[in-house]
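> The structure file data_14.txt (compact mmCIF, N, CA and C atoms) is provided below.
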```txt
# COMPACT_ATOMS: atom_id res chain seq x y z
N MET A 296 0.83 -1.19 0.00
CA MET A 296 0.00 0.00 0.00
C MET A 296 0.87 1.24 0.00
N PRO A 297 0.55 2.20 -0.85
CA PRO A 297 1.33 3.43 -0.87
C PRO A 297 1.12 4.20 0.43
N ASN A 298 2.18 4.83 0.85
CA ASN A 298 2.09 5.67 2.03
C ASN A 298 3.02 6.85 1.80
N ILE A 299 2.47 8.04 1.74
CA ILE A 299 3.26 9.23 1.44
C ILE A 299 3.46 10.02 2.73
N SER A 300 4.68 10.46 2.94
CA SER A 300 5.01 11.16 4.19
C SER A 300 4.87 12.67 4.00
N ARG A 301 4.89 13.35 5.13
CA ARG A 301 4.83 14.81 5.11
C ARG A 301 6.05 15.38 4.39
N ASP A 302 7.21 14.74 4.58
CA ASP A 302 8.43 15.21 3.92
C ASP A 302 8.31 15.09 2.40
N GLU A 303 7.71 14.02 1.93
CA GLU A 303 7.51 13.86 0.48
C GLU A 303 6.55 14.89 -0.06
N VAL A 304 5.51 15.18 0.70
CA VAL A 304 4.55 16.22 0.29
C VAL A 304 5.24 17.58 0.26
N ALA A 305 6.07 17.86 1.26
CA ALA A 305 6.81 19.13 1.29
C ALA A 305 7.76 19.21 0.11
N HIS A 306 8.39 18.09 -0.24
CA HIS A 306 9.30 18.07 -1.38
C HIS A 306 8.53 18.33 -2.68
N LEU A 307 7.38 17.69 -2.84
CA LEU A 307 6.55 17.92 -4.02
C LEU A 307 6.09 19.38 -4.09
N ALA A 308 5.74 19.94 -2.95
CA ALA A 308 5.30 21.34 -2.91
C ALA A 308 6.44 22.27 -3.33
N ARG A 309 7.65 21.97 -2.87
CA ARG A 309 8.81 22.79 -3.27
C ARG A 309 9.04 22.68 -4.78
N LEU A 310 8.96 21.46 -5.33
CA LEU A 310 9.16 21.28 -6.77
C LEU A 310 8.12 22.05 -7.57
N ALA A 311 6.88 22.08 -7.06
CA ALA A 311 5.80 22.79 -7.74
C ALA A 311 5.76 24.27 -7.37
N ARG A 312 6.68 24.68 -6.51
CA ARG A 312 6.76 26.08 -6.06
C ARG A 312 5.46 26.54 -5.40
N LEU A 313 4.95 25.68 -4.53
CA LEU A 313 3.73 25.99 -3.80
C LEU A 313 4.08 26.30 -2.34
N ALA A 314 3.47 27.33 -1.82
CA ALA A 314 3.63 27.64 -0.40
C ALA A 314 2.58 26.84 0.37
N VAL A 315 3.06 25.94 1.21
CA VAL A 315 2.16 25.04 1.92
C VAL A 315 2.39 25.19 3.42
N THR A 316 1.30 25.31 4.17
CA THR A 316 1.41 25.42 5.63
C THR A 316 1.57 24.03 6.23
N GLU A 317 1.91 23.98 7.52
CA GLU A 317 2.06 22.70 8.23
C GLU A 317 0.75 21.92 8.24
N ASP A 318 -0.37 22.62 8.45
CA ASP A 318 -1.68 21.95 8.45
C ASP A 318 -1.99 21.37 7.08
N GLU A 319 -1.63 22.12 6.04
CA GLU A 319 -1.89 21.64 4.68
C GLU A 319 -1.03 20.42 4.35
N LEU A 320 0.18 20.35 4.89
CA LEU A 320 1.02 19.18 4.66
C LEU A 320 0.33 17.91 5.13
N ASP A 321 -0.26 17.96 6.33
CA ASP A 321 -0.98 16.79 6.86
C ASP A 321 -2.20 16.47 5.99
N MET A 322 -2.96 17.49 5.61
CA MET A 322 -4.16 17.28 4.81
C MET A 322 -3.79 16.70 3.44
N PHE A 323 -2.78 17.30 2.78
CA PHE A 323 -2.40 16.83 1.45
C PHE A 323 -1.79 15.43 1.49
N ALA A 324 -1.07 15.12 2.56
CA ALA A 324 -0.49 13.78 2.69
C ALA A 324 -1.60 12.74 2.71
N GLY A 325 -2.66 13.01 3.46
CA GLY A 325 -3.80 12.08 3.51
C GLY A 325 -4.50 11.97 2.17
N GLN A 326 -4.71 13.10 1.51
CA GLN A 326 -5.40 13.08 0.22
C GLN A 326 -4.56 12.37 -0.85
N LEU A 327 -3.26 12.66 -0.89
CA LEU A 327 -2.40 12.01 -1.88
C LEU A 327 -2.29 10.52 -1.61
N ASP A 328 -2.31 10.11 -0.35
CA ASP A 328 -2.27 8.69 -0.02
C ASP A 328 -3.50 7.97 -0.56
N VAL A 329 -4.66 8.60 -0.44
CA VAL A 329 -5.89 8.00 -0.98
C VAL A 329 -5.80 7.88 -2.50
N ILE A 330 -5.28 8.89 -3.16
CA ILE A 330 -5.13 8.86 -4.61
C ILE A 330 -4.19 7.74 -5.03
N LEU A 331 -3.04 7.63 -4.35
CA LEU A 331 -2.07 6.60 -4.69
C LEU A 331 -2.63 5.20 -4.44
N GLN A 332 -3.39 5.03 -3.38
CA GLN A 332 -4.03 3.74 -3.12
C GLN A 332 -5.03 3.38 -4.22
N SER A 333 -5.77 4.38 -4.70
CA SER A 333 -6.75 4.13 -5.77
C SER A 333 -6.06 3.73 -7.06
N VAL A 334 -4.96 4.39 -7.37
CA VAL A 334 -4.20 4.04 -8.58
C VAL A 334 -3.63 2.63 -8.45
N ALA A 335 -3.12 2.29 -7.28
CA ALA A 335 -2.58 0.95 -7.06
C ALA A 335 -3.67 -0.11 -7.20
N ARG A 336 -4.87 0.20 -6.73
CA ARG A 336 -5.99 -0.74 -6.83
C ARG A 336 -6.36 -0.98 -8.29
N VAL A 337 -6.34 0.06 -9.10
CA VAL A 337 -6.63 -0.09 -10.53
C VAL A 337 -5.56 -0.96 -11.18
N GLY A 338 -4.31 -0.79 -10.78
CA GLY A 338 -3.22 -1.60 -11.31
C GLY A 338 -3.38 -3.06 -10.97
N GLU A 339 -3.96 -3.38 -9.83
CA GLU A 339 -4.19 -4.77 -9.45
C GLU A 339 -5.28 -5.41 -10.29
N VAL A 340 -6.27 -4.64 -10.70
CA VAL A 340 -7.39 -5.18 -11.47
C VAL A 340 -6.96 -5.54 -12.89
N ALA A 341 -6.10 -4.73 -13.47
CA ALA A 341 -5.67 -4.96 -14.85
C ALA A 341 -4.91 -6.28 -14.92
N ALA A 342 -5.45 -7.21 -15.71
CA ALA A 342 -4.83 -8.52 -15.87
C ALA A 342 -4.26 -8.64 -17.27
N GLU A 343 -3.29 -9.53 -17.42
CA GLU A 343 -2.65 -9.69 -18.72
C GLU A 343 -3.57 -10.28 -19.76
N ASP A 344 -4.58 -11.05 -19.35
CA ASP A 344 -5.48 -11.68 -20.32
C ASP A 344 -6.63 -10.77 -20.75
N ILE A 345 -6.67 -9.55 -20.20
CA ILE A 345 -7.72 -8.60 -20.57
C ILE A 345 -7.10 -7.54 -21.47
N PRO A 346 -7.58 -7.44 -22.72
CA PRO A 346 -6.99 -6.43 -23.62
C PRO A 346 -7.39 -5.02 -23.20
N PRO A 347 -6.49 -4.05 -23.40
CA PRO A 347 -6.85 -2.67 -23.07
C PRO A 347 -7.94 -2.16 -24.01
N THR A 348 -8.84 -1.37 -23.48
CA THR A 348 -9.93 -0.81 -24.28
C THR A 348 -10.08 0.67 -24.00
N SER A 349 -10.66 1.37 -24.96
CA SER A 349 -10.92 2.79 -24.75
C SER A 349 -12.41 3.03 -24.48
N HIS A 350 -13.26 2.05 -24.83
CA HIS A 350 -14.70 2.17 -24.61
C HIS A 350 -15.23 0.84 -24.08
N ALA A 351 -16.26 0.92 -23.29
CA ALA A 351 -16.84 -0.29 -22.72
C ALA A 351 -17.63 -1.10 -23.74
N VAL A 352 -18.17 -0.43 -24.74
CA VAL A 352 -18.92 -1.12 -25.79
C VAL A 352 -18.28 -0.81 -27.13
N PRO A 353 -18.38 -1.74 -28.08
CA PRO A 353 -17.79 -1.46 -29.40
C PRO A 353 -18.52 -0.31 -30.09
N LEU A 354 -17.75 0.51 -30.80
CA LEU A 354 -18.32 1.65 -31.51
C LEU A 354 -18.33 1.35 -33.00
N THR A 355 -19.34 1.85 -33.66
CA THR A 355 -19.40 1.74 -35.12
C THR A 355 -19.55 3.14 -35.68
N ASN A 356 -19.08 3.31 -36.90
CA ASN A 356 -19.17 4.60 -37.56
C ASN A 356 -20.61 4.83 -38.00
N VAL A 357 -21.21 5.89 -37.52
CA VAL A 357 -22.61 6.17 -37.84
C VAL A 357 -22.74 7.28 -38.88
N PHE A 358 -21.61 7.69 -39.46
CA PHE A 358 -21.64 8.76 -40.44
C PHE A 358 -21.86 8.19 -41.83
N ARG A 359 -22.38 9.01 -42.69
CA ARG A 359 -22.59 8.58 -44.07
C ARG A 359 -21.27 8.56 -44.81
N ASP A 360 -21.23 7.85 -45.92
CA ASP A 360 -20.04 7.82 -46.75
C ASP A 360 -19.84 9.18 -47.39
N ASP A 361 -18.59 9.55 -47.57
CA ASP A 361 -18.27 10.79 -48.26
C ASP A 361 -18.47 10.58 -49.76
N LEU A 362 -19.30 11.42 -50.34
CA LEU A 362 -19.54 11.35 -51.78
C LEU A 362 -19.26 12.71 -52.38
N ALA A 363 -18.55 12.70 -53.50
CA ALA A 363 -18.29 13.97 -54.18
C ALA A 363 -19.58 14.45 -54.83
N ARG A 364 -19.96 15.68 -54.52
CA ARG A 364 -21.16 16.28 -55.10
C ARG A 364 -20.80 17.65 -55.64
N PRO A 365 -21.54 18.12 -56.61
CA PRO A 365 -21.22 19.45 -57.12
C PRO A 365 -21.48 20.51 -56.06
N GLY A 366 -20.58 21.51 -56.03
CA GLY A 366 -20.71 22.60 -55.07
C GLY A 366 -20.99 23.90 -55.79
N LEU A 367 -20.85 24.98 -55.08
CA LEU A 367 -21.08 26.30 -55.65
C LEU A 367 -19.91 26.70 -56.54
N THR A 368 -20.21 27.45 -57.55
CA THR A 368 -19.15 28.06 -58.33
C THR A 368 -18.63 29.26 -57.56
N GLN A 369 -17.51 29.79 -57.99
CA GLN A 369 -16.95 30.97 -57.32
C GLN A 369 -17.92 32.14 -57.38
N GLN A 370 -18.56 32.34 -58.52
CA GLN A 370 -19.52 33.44 -58.67
C GLN A 370 -20.72 33.23 -57.76
N GLN A 371 -21.22 32.00 -57.64
CA GLN A 371 -22.37 31.74 -56.77
C GLN A 371 -22.00 31.99 -55.31
N ALA A 372 -20.80 31.58 -54.91
CA ALA A 372 -20.38 31.76 -53.52
C ALA A 372 -20.24 33.24 -53.18
N LEU A 373 -19.74 34.02 -54.12
CA LEU A 373 -19.52 35.45 -53.88
C LEU A 373 -20.78 36.29 -54.11
N ALA A 374 -21.83 35.69 -54.65
CA ALA A 374 -23.04 36.44 -54.99
C ALA A 374 -23.68 37.09 -53.75
N GLY A 375 -23.63 36.45 -52.62
CA GLY A 375 -24.26 37.00 -51.41
C GLY A 375 -23.31 37.79 -50.54
N ALA A 376 -22.06 37.93 -50.96
CA ALA A 376 -21.07 38.64 -50.15
C ALA A 376 -21.33 40.14 -50.19
N PRO A 377 -21.16 40.84 -49.07
CA PRO A 377 -21.33 42.29 -49.07
C PRO A 377 -20.26 42.98 -49.92
N ALA A 378 -19.06 42.38 -50.01
CA ALA A 378 -18.00 42.96 -50.83
C ALA A 378 -17.11 41.84 -51.33
N ALA A 379 -16.72 41.93 -52.60
CA ALA A 379 -15.82 40.96 -53.20
C ALA A 379 -14.78 41.70 -54.03
N GLU A 380 -13.59 41.12 -54.12
CA GLU A 380 -12.52 41.75 -54.89
C GLU A 380 -11.61 40.65 -55.42
N GLU A 381 -11.34 40.67 -56.70
CA GLU A 381 -10.46 39.72 -57.36
C GLU A 381 -10.87 38.28 -57.07
N GLY A 382 -12.16 38.01 -57.08
CA GLY A 382 -12.65 36.65 -56.88
C GLY A 382 -12.59 36.15 -55.45
N ARG A 383 -12.45 37.07 -54.49
CA ARG A 383 -12.38 36.69 -53.07
C ARG A 383 -13.30 37.58 -52.25
N PHE A 384 -13.63 37.10 -51.04
CA PHE A 384 -14.40 37.92 -50.12
C PHE A 384 -13.51 39.08 -49.67
N ARG A 385 -14.07 40.27 -49.63
CA ARG A 385 -13.33 41.43 -49.13
C ARG A 385 -13.81 41.68 -47.70
N VAL A 386 -12.84 41.69 -46.80
CA VAL A 386 -13.15 41.90 -45.38
C VAL A 386 -12.28 43.04 -44.86
N PRO A 387 -12.69 43.68 -43.77
CA PRO A 387 -11.89 44.77 -43.22
C PRO A 387 -10.54 44.23 -42.69
N ARG A 388 -9.49 45.03 -42.83
CA ARG A 388 -8.18 44.65 -42.33
C ARG A 388 -8.23 44.68 -40.80
N ILE A 389 -7.70 43.63 -40.18
CA ILE A 389 -7.67 43.60 -38.73
C ILE A 389 -6.26 43.60 -38.18
N LEU A 390 -5.27 43.36 -39.05
CA LEU A 390 -3.89 43.37 -38.62
C LEU A 390 -3.14 44.47 -39.33
N GLY A 391 -2.10 44.97 -38.72
CA GLY A 391 -1.29 46.00 -39.35
C GLY A 391 -0.51 45.42 -40.52
N GLU A 392 -0.03 46.27 -41.37
CA GLU A 392 0.73 45.82 -42.51
C GLU A 392 2.06 45.24 -42.07
N GLU A 393 2.47 44.15 -42.74
CA GLU A 393 3.74 43.52 -42.43
C GLU A 393 4.82 44.08 -43.33
N ALA A 394 6.02 44.12 -42.82
CA ALA A 394 7.15 44.65 -43.60
C ALA A 394 7.55 43.69 -44.70
```
Please re-express this file's structure in structure tokens.


Amino acid sequence: MPNISRDEVAHLARLARLAVTEDELDMFAGQLDVILQSVARVGEVAAEDIPPTSHAVPLTNVFRDDLARPGLTQQQALAGAPAAEEGRFRVPRILGEEA
């Protein structure tokens, strides 16, 4: 069973540059111990004969097949634009000019 000491918690706090009080050291040691025990318990459950999975149930692709279909022409796409220039949408400049 994992058991984390106050000194280890203080060392972790120093590495993370956290200011931790003496009371917090005791509290965090208990909380981290519970977390480490939970992780160890999960490690015990994982058996070599059980393949790793990402989902509990098998997933199937529910999307339609991609089919090439005719789209808009450039003129049709630009027909509803408030402003167009040289075959492109004209929009207000938002960045300064680059050198």

> Where in chain A does DSSP assign strand (DSSP E or B), given as JSON, numbers by chain?

{"A": [379, 380, 383, 384]}

> Give me the residues within 6 Å of segment 296-312 of chain A as a list in words, counting all atoms listed in the file and dropping any in the same chain fewer than 6 places off.

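Once the adjacent positions are removed, what remains is Leu320, Ala324, Asp328, Leu331 and Gln332 of chain A.
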
> Tell me, which residues of segment 298-390 of chain A carry DSSP alpha helix (DSSP H), written as a PyMOL selection string?

chain A and resi 301-310+317-340+369-374

> Kindly give the distance, in Å, that separates atom N of Thr348 of chain A and atom C of Val329 of chain A, rounded to a single decimal.

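Calculated distance between atom N of Thr348 of chain A and atom C of Val329 of chain A is 23.1 Å.
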
> Report the distance between atom N of Leu354 of chain A and atom N of Ala342 of chain A in Å, rounded to one decimal place.

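Here the two named atoms are 20.9 Å from each other.
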
> What separation in Å, quoted to one decimal, exists between atom CA of His350 of chain A and atom N of Val337 of chain A?

17.7 Å

> Could segment 309-321 of chain A be completed with N, CA, C and O atoms and returned as a short mmCIF file (atom, residue, chain, number, x, y, z; two decimals), in the frame of the given file?


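The resulting part_20.cif:
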```
data_model
loop_
_atom_site.label_atom_id
_atom_site.label_comp_id
_atom_site.auth_asym_id
_atom_site.auth_seq_id
_atom_site.Cartn_x
_atom_site.Cartn_y
_atom_site.Cartn_z
N ARG A 309 7.65 21.97 -2.87
CA ARG A 309 8.81 22.79 -3.27
C ARG A 309 9.04 22.68 -4.78
O ARG A 309 9.32 23.67 -5.44
N LEU A 310 8.96 21.46 -5.33
CA LEU A 310 9.16 21.28 -6.77
C LEU A 310 8.12 22.05 -7.57
O LEU A 310 8.41 22.59 -8.63
N ALA A 311 6.88 22.08 -7.06
CA ALA A 311 5.80 22.79 -7.74
C ALA A 311 5.76 24.27 -7.37
O ALA A 311 4.89 25.00 -7.85
N ARG A 312 6.68 24.68 -6.51
CA ARG A 312 6.76 26.08 -6.06
C ARG A 312 5.46 26.54 -5.40
O ARG A 312 4.93 27.61 -5.69
N LEU A 313 4.95 25.68 -4.53
CA LEU A 313 3.73 25.99 -3.80
C LEU A 313 4.08 26.30 -2.34
O LEU A 313 4.88 25.60 -1.73
N ALA A 314 3.47 27.33 -1.82
CA ALA A 314 3.63 27.64 -0.40
C ALA A 314 2.58 26.84 0.37
O ALA A 314 1.38 27.01 0.17
N VAL A 315 3.06 25.94 1.21
CA VAL A 315 2.16 25.04 1.92
C VAL A 315 2.39 25.19 3.42
O VAL A 315 3.54 25.16 3.88
N THR A 316 1.30 25.31 4.17
CA THR A 316 1.41 25.42 5.63
C THR A 316 1.57 24.03 6.23
O THR A 316 1.38 23.01 5.56
N GLU A 317 1.91 23.98 7.52
CA GLU A 317 2.06 22.70 8.23
C GLU A 317 0.75 21.92 8.24
O GLU A 317 0.75 20.69 8.08
N ASP A 318 -0.37 22.62 8.45
CA ASP A 318 -1.68 21.95 8.45
C ASP A 318 -1.99 21.37 7.08
O ASP A 318 -2.54 20.27 6.96
N GLU A 319 -1.63 22.12 6.04
CA GLU A 319 -1.89 21.64 4.68
C GLU A 319 -1.03 20.42 4.35
O GLU A 319 -1.48 19.54 3.60
N LEU A 320 0.18 20.35 4.89
CA LEU A 320 1.02 19.18 4.66
C LEU A 320 0.33 17.91 5.13
O LEU A 320 0.32 16.89 4.43
N ASP A 321 -0.26 17.96 6.33
CA ASP A 321 -0.98 16.79 6.86
C ASP A 321 -2.20 16.47 5.99
O ASP A 321 -2.45 15.30 5.67
#
```
